[in-house]
file my_file-v5.cif (mmCIF, C-alpha atoms)
data_coords
loop_
_atom_site.label_atom_id
_atom_site.label_comp_id
_atom_site.auth_asym_id
_atom_site.auth_seq_id
_atom_site.Cartn_x
_atom_site.Cartn_y
_atom_site.Cartn_z
CA MET A 1 50.76 41.74 -11.17
CA ASP A 2 49.10 41.14 -7.84
CA ASP A 3 45.79 42.12 -9.41
CA GLN A 4 46.19 39.38 -12.02
CA LEU A 5 46.90 36.78 -9.32
CA ASP A 6 43.88 37.93 -7.34
CA ASP A 7 41.71 37.71 -10.47
CA LYS A 8 42.97 34.18 -11.22
CA SER A 9 42.44 32.98 -7.66
CA SER A 10 38.93 34.47 -7.46
CA HIS A 11 38.16 33.00 -10.89
CA SER A 12 39.38 29.54 -9.86
CA HIS A 13 37.51 29.90 -6.56
CA SER A 14 34.24 30.64 -8.41
CA ILE A 15 34.87 27.68 -10.76
CA GLY A 16 35.42 25.47 -7.70
CA MET A 17 32.14 26.68 -6.21
CA PHE A 18 30.28 25.91 -9.44
CA ASP A 19 31.83 22.44 -9.51
CA SER A 20 30.77 21.85 -5.91
CA LEU A 21 27.30 23.15 -6.67
CA ARG A 22 27.09 20.93 -9.75
CA GLN A 23 28.17 17.90 -7.70
CA LEU A 24 25.60 18.73 -5.01
CA LEU A 25 22.85 19.03 -7.60
CA GLY A 26 23.97 15.75 -9.17
CA THR A 27 23.82 14.05 -5.78
CA LEU A 28 20.38 15.49 -5.02
CA THR A 29 19.13 14.41 -8.44
CA GLY A 30 20.43 10.89 -7.84
CA ILE A 31 18.74 10.76 -4.44
CA ALA A 32 15.47 11.99 -5.93
CA GLN A 33 15.66 9.44 -8.74
CA THR A 34 16.28 6.61 -6.28
CA ARG A 35 13.34 7.68 -4.14
CA ILE A 36 11.03 7.96 -7.13
CA GLU A 37 12.05 4.47 -8.27
CA LEU A 38 11.34 3.18 -4.76
CA LEU A 39 7.95 4.88 -4.84
CA GLY A 40 7.18 3.23 -8.19
CA THR A 41 8.19 -0.16 -6.84
CA GLU A 42 5.92 0.28 -3.83
CA VAL A 43 3.01 1.27 -6.07
CA GLU A 44 3.56 -1.82 -8.23
CA GLU A 45 3.69 -4.05 -5.13
CA GLN A 46 0.46 -2.57 -3.78
CA VAL A 47 -1.33 -2.96 -7.13
CA ALA A 48 -0.22 -6.59 -7.42
CA ARG A 49 -1.23 -7.30 -3.83
CA LEU A 50 -4.64 -5.67 -4.22
CA SER A 51 -5.29 -7.41 -7.55
CA SER A 52 -4.48 -10.77 -6.02
CA MET A 53 -6.66 -10.04 -3.00
CA LEU A 54 -9.55 -8.99 -5.24
CA LEU A 55 -9.32 -12.10 -7.39
CA TRP A 56 -9.21 -14.48 -4.41
CA THR A 57 -11.99 -12.57 -2.67
CA ILE A 58 -14.25 -12.95 -5.69
CA ILE A 59 -13.47 -16.68 -5.93
CA ALA A 60 -14.05 -17.18 -2.19
CA LEU A 61 -17.31 -15.25 -2.25
CA PHE A 62 -18.62 -17.21 -5.22
CA LEU A 63 -17.79 -20.56 -3.65
CA ALA A 64 -19.10 -19.55 -0.23
CA PHE A 65 -22.33 -18.28 -1.73
CA THR A 66 -22.80 -21.49 -3.73
CA ALA A 67 -22.15 -23.63 -0.66
CA ALA A 68 -24.44 -21.55 1.53
CA VAL A 69 -27.31 -21.76 -0.95
CA LEU A 70 -26.91 -25.52 -1.34
CA VAL A 71 -26.75 -26.08 2.43
CA ALA A 72 -29.79 -23.86 2.97
CA ILE A 73 -31.75 -25.76 0.33
CA ALA A 74 -30.74 -29.08 1.90
CA ILE A 75 -31.84 -27.91 5.36
CA LEU A 76 -35.15 -26.59 4.04
CA ILE A 77 -35.80 -29.88 2.23
CA ALA A 78 -34.95 -31.83 5.39
CA PHE A 79 -37.42 -29.78 7.47
CA TRP A 80 -40.03 -29.28 4.74
CA ASP A 81 -42.76 -31.34 6.39
CA SER A 82 -42.20 -30.33 10.03
CA ASN A 83 -40.73 -26.83 10.65
CA ARG A 84 -39.82 -25.24 7.34
CA ILE A 85 -40.63 -21.69 8.54
CA LEU A 86 -38.46 -22.08 11.65
CA ALA A 87 -35.65 -23.57 9.56
CA ALA A 88 -35.84 -20.67 7.09
CA VAL A 89 -35.79 -18.06 9.89
CA LEU A 90 -32.83 -19.76 11.62
CA LEU A 91 -30.94 -19.96 8.31
CA ALA A 92 -31.57 -16.27 7.63
CA ALA A 93 -30.43 -15.34 11.16
CA GLY A 94 -27.31 -17.47 10.77
CA PHE A 95 -26.48 -15.81 7.46
CA ALA A 96 -27.00 -12.37 8.99
CA VAL A 97 -24.64 -13.17 11.89
CA LEU A 98 -22.00 -14.50 9.49
CA ALA A 99 -22.36 -11.39 7.31
CA LEU A 100 -21.83 -9.15 10.34
CA ILE A 101 -18.74 -11.11 11.44
CA SER A 102 -17.36 -10.91 7.90
CA TRP A 103 -17.94 -7.15 7.74
CA LEU A 104 -16.17 -6.64 11.07
CA ARG A 105 -13.21 -8.69 9.81
CA VAL A 106 -12.96 -6.67 6.58
CA ARG A 107 -13.02 -3.44 8.58
CA ALA A 108 -10.25 -4.71 10.88
CA ILE A 109 -8.10 -5.70 7.89
CA ALA A 110 -8.61 -2.29 6.26
CA ARG A 111 -7.55 -0.51 9.44
CA GLY A 112 -4.50 -2.73 9.93
CA ARG A 113 -3.02 -2.29 6.46
CA PRO A 114 0.49 -0.89 6.21
CA HIS A 115 0.80 2.80 5.41
CA LEU A 116 1.13 3.50 1.73
CA PHE A 117 4.67 4.47 0.70
CA GLN A 118 6.02 3.80 4.20
CA ALA A 119 9.48 2.80 2.93
CA THR A 120 9.72 5.83 0.64
CA LEU A 121 8.71 8.21 3.40
CA GLY A 122 11.25 6.61 5.74
CA GLU A 123 14.05 7.02 3.21
CA LEU A 124 13.10 10.64 2.56
CA ALA A 125 13.18 11.33 6.30
CA LYS A 126 16.66 9.79 6.51
CA ASP A 127 17.80 11.93 3.57
CA ARG A 128 16.44 15.07 5.21
CA GLU A 129 18.26 14.26 8.48
CA GLN A 130 21.53 13.62 6.66
CA LEU A 131 21.28 16.81 4.64
CA GLY A 132 20.44 18.76 7.81
CA GLU A 133 23.65 17.54 9.48
CA ARG A 134 25.86 19.08 6.81
#
call {"tool": "encode", "arguments": {"input": "my_file-v5.cif", "output": "structure tokens"}}
result
Amino acid sequence: MDDQLDDKSSHSHSIGMFDSLRQLLGTLTGIAQTRIELLGTEVEEQVARLSSMLLWTIIALFLAFTAAVLVAIAILIAFWDSNRILAAVLLAAGFAVLALISWLRVRAIARGRPHLFQATLGELAKDREQLGER
């Protein structure tokens, strides 16, 4: 009779362990799903941000180029009879300096961008710490 009670208690104990294991796996799956959704959201945000930046960069470059060409032509016409070579050299030097400043600014922006998936990595680190405490 005692053997039957021991078998029932060990059987119910193993069922309880499987239920706990199943709940743990369910929790881990839920955590993973949430983190993957967060990762997807961050990717979408970055794609939208980069697309917008690209579009506005193209527009700005087109308009700046058009303005620069028209200003350069106007300056060359104004100095056509007196110092057109000097005016052309000064315009070219000015454009070169502006191009260098622009390149340095682009490089600074690229270095200062936020880390990709920073929020996802932070949440995964928190999850790891919480699971390590148990």
call {"tool": "closest_residue", "arguments": {"input": "my_file-v5.cif", "among": "A:Ala108, A:Ala72, A:Ala78, A:Glu37", "to": "Gly94 in chain A", "atoms": "all atoms listed in the file"}}
result
A:Ala72
call {"tool": "atom_distance", "arguments": {"input": "my_file-v5.cif", "atom1": "CA of Gly26 in chain A", "atom2": "CA of Glu42 in chain A"}}
result
24.4 Å
call {"tool": "closest_residue", "arguments": {"input": "my_file-v5.cif", "among": "A:Ile36, A:Leu54, A:Ala88, A:Ala48", "to": "Ile73 in chain A", "atoms": "only C-alpha atoms"}}
result
A:Ala88
call {"tool": "atom_distance", "arguments": {"input": "my_file-v5.cif", "atom1": "CA of Leu90 in chain A", "atom2": "CA of Val71 in chain A"}}
result
12.7 Å
call {"tool": "atom_distance", "arguments": {"input": "my_file-v5.cif", "atom1": "CA of Ala110 in chain A", "atom2": "CA of Trp56 in chain A"}}
result
16.2 Å
call {"tool": "closest_residue", "arguments": {"input": "my_file-v5.cif", "among": "A:Thr120, A:Asn83, A:Ala74, A:Ser52", "to": "Gln33 in chain A", "atoms": "only C-alpha atoms"}}
result
A:Thr120
